Each structure stands twice: as C-alpha cells, then as structure tokens.
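Read through the structure below, which is laid out as structure tokens, and then see the notes.
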There are 2 protein chains.
Amino acid sequence: MDALAYLETWAPRIERALDAALPKASEPPARLHAAMRHLVFPGGKRLRPALALAGAEAVGGQPEIALPAAVAVEMVHTYSLVHDDLPCMDDDALRRGRPTVHVAFDEATAVLAGDALLTAAFAALVADAGPGDSAQRLAAVRDLAHAAGAAGLVGGQVDDLGAAAGDAAQVESVHARKSAALIAVSIVAGARLAGAGEPVLARLAAAGRAAGIAFQIADDLLDADEDEGCSLVRVLGLDGARARAQALLAEALDELASLGAAGEPLRALLRYAVTRDR
Amino acid sequence: MDALAYLETWAPRIERALDAALPKASEPPARLHAAMRHLVFPGGKRLRPALALAGAEAVGGQPEIALPAAVAVEMVHTYSLVHDDLPCMDDDALRRGRPTVHVAFDEATAVLAGDALLTAAFAALVADAGPGDSAQRLAAVRDLAHAAGAAGLVGGQVDDLGAAAGDAAQVESVHARKSAALIAVSIVAGARLAGAGEPVLARLAAAGRAAGIAFQIADDLLDADEDEGCSLVRVLGLDGARARAQALLAEALDELASLGAAGEPLRALLRYAVTRDR
C-alpha cells in the first residue's frame, strides 16, 4: 500500500467535506469566514483526516463514515497552528509559504478565527449523527476534547513555549501532548464512527501515540538545523533521534499487526509519516 | 420566586461542579491550570449556570441533572471574556476588580487558557453521559457549538469589534449573537439534559434569545456613560432602550407562560437579568 496514493485518492472527498463544514466566505461575517478558511485551503498533507479514514477502514468500516472525524481533527489542527503563529506565541509571519492568518488579516481576527475553528470542529464531529451511533459520537467528543485541551494539545504548547532543554522523557512528554494526542485521536475517532469496540480502540490509541511521537521526531530531524523549541535531536543527537523514531514506529506497527489487510492503509500512513523526507 | 435567593441557593453546587471539572492548579502544567481558573474563581453572578438549572426545572426535571450544561456554558462565557480582554481586542487590564488573565499571567497564557476553557466546556458537557441520554447530549453539543461559534458568540464579537454606529436592527443582531445565543443555549441545554421535547425547547430558545438581547440592553443602560462598542442606548436613547428591553422581556415571559409553576425560577431569573441595577 502506497501512503501517497491513499492520501491522493481521498484528498478530494476530504476537501469537499471541509468546504461543506466551514461557513461560506461570501456570507457575513465574511472577514471571519475568510480568516477561518485561510489556512484550511490550501492545507497541508491532510495526514490527520486520512488517518481518521484509515482508522475506520482498519476496523472494517467504510472510510467515508469517518468524514465527520476527519473534518474535526483537521479543524483542531488548523486552529492550533493559527494560534501558535500569533505574535504572543511563535510570532511566525509565514506558514506553508503564505502569510499567516494574523498577517493576512489582523491579530484579533486570527484569535477569533482560531476560536471559531475549534468550535466548528465539535460541531462537525456531531453533525448528522444517526440515532444508532450517538454513544460513539459522544465518546469521540470526549476523546477529542481530551486530546485538544489542557491535558493534550494546549498543555503541550504551554510546556513547549516554556521549555528549558529538558531530558528525553520531558521532550517526549511535550511531543506526546502537542502532536501525538491529536494523531491518536484522529485514528480513534475514525474507528469509533465505524463502530469499533474498546479493546481495538485501545490498540489504535497506543499505536497513534507512539507513531505520533515518532512523527514529531521526524519533524525535528527535518528541521535539525533550526534548533528551536523542544527537540529530541538536541538531546540524543541525529543518530539517537533517528533510532528512537524507528523504535517508536516499530512499536506502533506491532500494535497494529493483528488488524491484517484492513489495517494496511493505516500502517502505510504511519510509516510514511515517520519516514517522509519533507 | 426571588431570583437572588435561587442564585444563592444553587451557587455552592455550581462552584463545586466547576471546581471538579477544571484541572487542579497544583498539577502540571500548573501555570495553565491557574490561568484557566483565574477568572472562573471568584466568578460573576453565575447567571448562565443558574439558567441551565432553571431550564431543567422548567420542563419538570431535577435542577442537578443540568449541572454538566451549567458548567459548560460558564466555561464558554469565561473563555470569551478572557479572549475579549486581550490586548489585540478590548485591551482591558481589569475585570471584576482584578487583573485580567493576560495581565496576571501573560498574553500567550491567556490565549491558551481561553482555548483550554473552550475545549473543557465540551468535555464537561459530555462527561458522565448515561446510555439513555446520548442523543440529547449530542444535541446539546450541537447547540453549544452553534451558539459559541462563527454563527454566534465569535461572529458577534467580530461584528462588535468592527462596529460602525449601525441602526437598531444591526445592534440587536450583534447582541443576539454575542450575548443572547449563549443565554438561550444555557436554558436549552439544561432542559435537554432533563429530557425536554423539541416543541418546548423551541419556546425556551425563543425566550432565551429575546431575554438575552434585553439582558445586553440592560448592560448598555448600566454602562450608558461609557458609550463604547455596540449599544442600543446610542441609537434609541435611554428611554427608547429601556422600553425595548421591557418589550423583549415581556415577549420572553409570554413564551414561558404555559410552563406554569415549574417555569417560575426561569421567569424570575430572566426578570432579574433584565431589571437588575448592577
């Protein structure tokens, strides 16, 4: 299974679902809606939405059933980037080669666009829930709130901003919350919408956490010359960080081995996420 | 029924529920947790949580059943104040006589504390859902996301920041989204957790919207000398604004007349919200 082919195959459905879930830039308040869309289109690789679809597939579901989860996790990811780029945080003027939201609009609009994206993520996750899957949707809301909140993404960002050097365990704790929690919930929420039971969900979560930390180490390796923020490269060196990423990836793939052929898209995406060269 | 007595009676339960739903300031990341709690304790009148409890009571439920909704709406209210106070928005150094979150901590922490409170609101709303009420909880998540997002609170704030004078309809449109949407969803979410059906929920929502706009006009009347932001006092004058608030309150109470004695706490709270003198 070729991860890039999977990403390409599903990209059009993901783009359409994101577009449908976001308010139109032609409707008021148009400036807010345009700011919400600014970093969503064009987006990045759409790795998290693809993981949601592959999570559903891994437990025997149709990938499409996970589209509400796919949209939700991409919105949470995007909101976190919009807020991280703010002058009071990383103060970045460019993201993916384009002006960041606070540069293209203004700071207040960037804060509010991020707030609206985070809120829209929860709306997207519960939209069109059928009576039969209410309990799984609710559990997905709980999982997403946990991954995105003080115990996950936000707490990781706080510790990343305040990071002293730290040892390997401290760096991995930041990665686990700032990156891996959302990677894991992408897979888990997708699988939940496909009706997965708790034992397999626990395996998917563990695999997502391990692969998510490895994914962030891969990012650190690609940016090794930048030497900013929390990085395992600084603590373990290039070879040490590379070895740790491979060990975490192997751990993740091991968790997923029992899924058989249905799990191959998910395994391929995780391998790609950790071994990509950009 | 005395609204102040109702607020006082329920305050301890609401405080305990908020405390239990927020991460402890003694646990890491302690600075984030302290910032999340800074504006929650001590809070304001806890009007929105009380409306959630009174909403449950109005449809024949026990007030306690609405505590998850009460906590959620207070967290959304608090997050919106934390972000509104930021230097890039209203740039307020004081709120309720104490330093605002970005002054007591720093700007990045205030953005992130607001983000974490918004996320925690959704977690609180779905916490401990029983199997029997999943559909109503999901609907409450949908309602809260709608009230808090681009079509509600955030959109209202955008238009308030960008507000030219505007006519009465434009001012009321901002009030409807920035204030009344969250007032209405407080009542509706509380009633949902008590198992209310759609016809009565529609009445509660309509009453909440009308009373919520009147509530904001009452605020404008109390701050009439400040003359900032969107205000009906500027458009209609003091007497005109007062008459409009009374008309909206009467409309709200009329919607609720059929609830009988069970609806009296809710009616009392709405009367108090519009006629209070501070």
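We label chains A, B, ... in the order they appear in the structure tokens, count residues from 1 in each chain, and number ligands from 1 in the order shown.
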Could you write out as an MDAnalysis selection string the residues of chain B within 6 Å of chain A, counting only C-alpha atoms? chainID B and resid 88:89 108 116 119 123 134:135 142 145 149:150
Tell me, which residues of region 3-208 of chain A carry DSSP alpha helix (DSSP H), written as number ranges by chain? A: 3-21, 30-38, 47-58, 67-84, 101-104, 107-126, 134-148, 153-161, 168-175, 181-193, 198-208
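Of the listed residues B:Ala189, B:Ile183, B:Val101, B:Met75, the one whose atoms come nearest to Arg48 (chain B) is B:Ile183, with distances taken using only C-alpha atoms.
Omitting Ala262 (chain A) and its sequence neighbours fewer than 3 positions away, and counting only C-alpha atoms, the residues within 12 Å are Met1, Leu53, Ala54, Gly55, Ala56, Glu57, Ala58, Val59, Gly60, Gly61, Gln62, Pro63, Ala191, Leu256, Ala257, Ser258, Leu259, Pro265, Leu266, Arg267 and Ala268 of chain A.
Of note, CA of Ile213 (chain B) and CA of Pro12 (chain B) are spaced 27.9 Å apart.
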Could you give me, as JSON lines, a per-residue list for region 43-111 of chain B showing, wherever an atom lies at most 9 Å from an atom of region 13-17 of chain B, the closest pair of atoms and their distance in Å to one decimal, using only C-alpha atoms and sorting by chain then residue number from low to high?
{"residue": "B:Arg46", "atom": "CA", "partner": "B:Ile14", "partner_atom": "CA", "distance": 8.0}
{"residue": "B:Pro49", "atom": "CA", "partner": "B:Ile14", "partner_atom": "CA", "distance": 7.1}
{"residue": "B:Ala50", "atom": "CA", "partner": "B:Ile14", "partner_atom": "CA", "distance": 8.1}
{"residue": "B:Glu64", "atom": "CA", "partner": "B:Arg13", "partner_atom": "CA", "distance": 8.4}
{"residue": "B:Leu67", "atom": "CA", "partner": "B:Ala17", "partner_atom": "CA", "distance": 7.0}
{"residue": "B:Pro68", "atom": "CA", "partner": "B:Ala17", "partner_atom": "CA", "distance": 8.0}
{"residue": "B:Ala70", "atom": "CA", "partner": "B:Ile14", "partner_atom": "CA", "distance": 7.3}
{"residue": "B:Val71", "atom": "CA", "partner": "B:Ala17", "partner_atom": "CA", "distance": 6.7}
For those residues, write C-alpha atoms to a file as a PDB file, in the first residue's frame.
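Result went into part-v6.pdb, see below:
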ATOM      1  CA  ARG B  46     -23.333  32.564  37.688  1.00  0.00           C
ATOM      2  CA  PRO B  49     -25.367  28.138  35.077  1.00  0.00           C
ATOM      3  CA  ALA B  50     -28.482  29.075  37.078  1.00  0.00           C
ATOM      4  CA  GLU B  64     -28.947  18.887  39.385  1.00  0.00           C
ATOM      5  CA  LEU B  67     -25.017  20.632  36.074  1.00  0.00           C
ATOM      6  CA  PRO B  68     -22.915  19.443  33.063  1.00  0.00           C
ATOM      7  CA  ALA B  70     -24.250  24.688  33.717  1.00  0.00           C
ATOM      8  CA  VAL B  71     -20.500  24.069  33.852  1.00  0.00           C
TER       9      VAL B  71
END
Looking only at the backbone, which of the residues in region 10-172 of chain B does DSSP tag as strand (DSSP E), as an NGL selection string? :B and (94-95 or 98-99)
Can I get the selected residues back with C-alpha atoms, as a compact mmCIF listing (two decimals), in the first residue's frame?
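Ended up saving to out-v4.txt:
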# COMPACT_ATOMS: atom_id res chain seq x y z
CA LEU B 94 -9.17 44.81 34.92
CA ARG B 95 -12.25 42.58 35.08
CA ARG B 98 -8.99 42.02 39.43
CA PRO B 99 -6.21 41.90 36.82
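Residues surrounding Asp220 (chain A) within 12 Å are A:Val171, A:Glu172, A:His175, A:Ser179, A:Ile213, A:Ala214, A:Phe215, A:Asp225, A:Glu226, A:Asp227, A:Glu228, A:Gly229, A:Cys230, A:Ser231, A:Leu232, A:Val233, A:Arg234, A:Val235, A:Leu236, A:Gly237, A:Leu238, A:Ala241, A:Arg242, A:Ala245, A:Val274, A:Asp277, A:Arg278 [only C-alpha atoms; sequence separation below 5 positions excluded].
Compared by their closest atoms to Leu193 (chain B), and using only C-alpha atoms, the residues B:Ala72, B:Ala52, B:Ala11, B:Ala3 rank with B:Ala52 nearest.
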Looking at A:Val76, A:Ala273, A:Leu221, A:Ala210, which one is nearest to Ser173 (chain A), with distances taken over only C-alpha atoms? A:Ala210
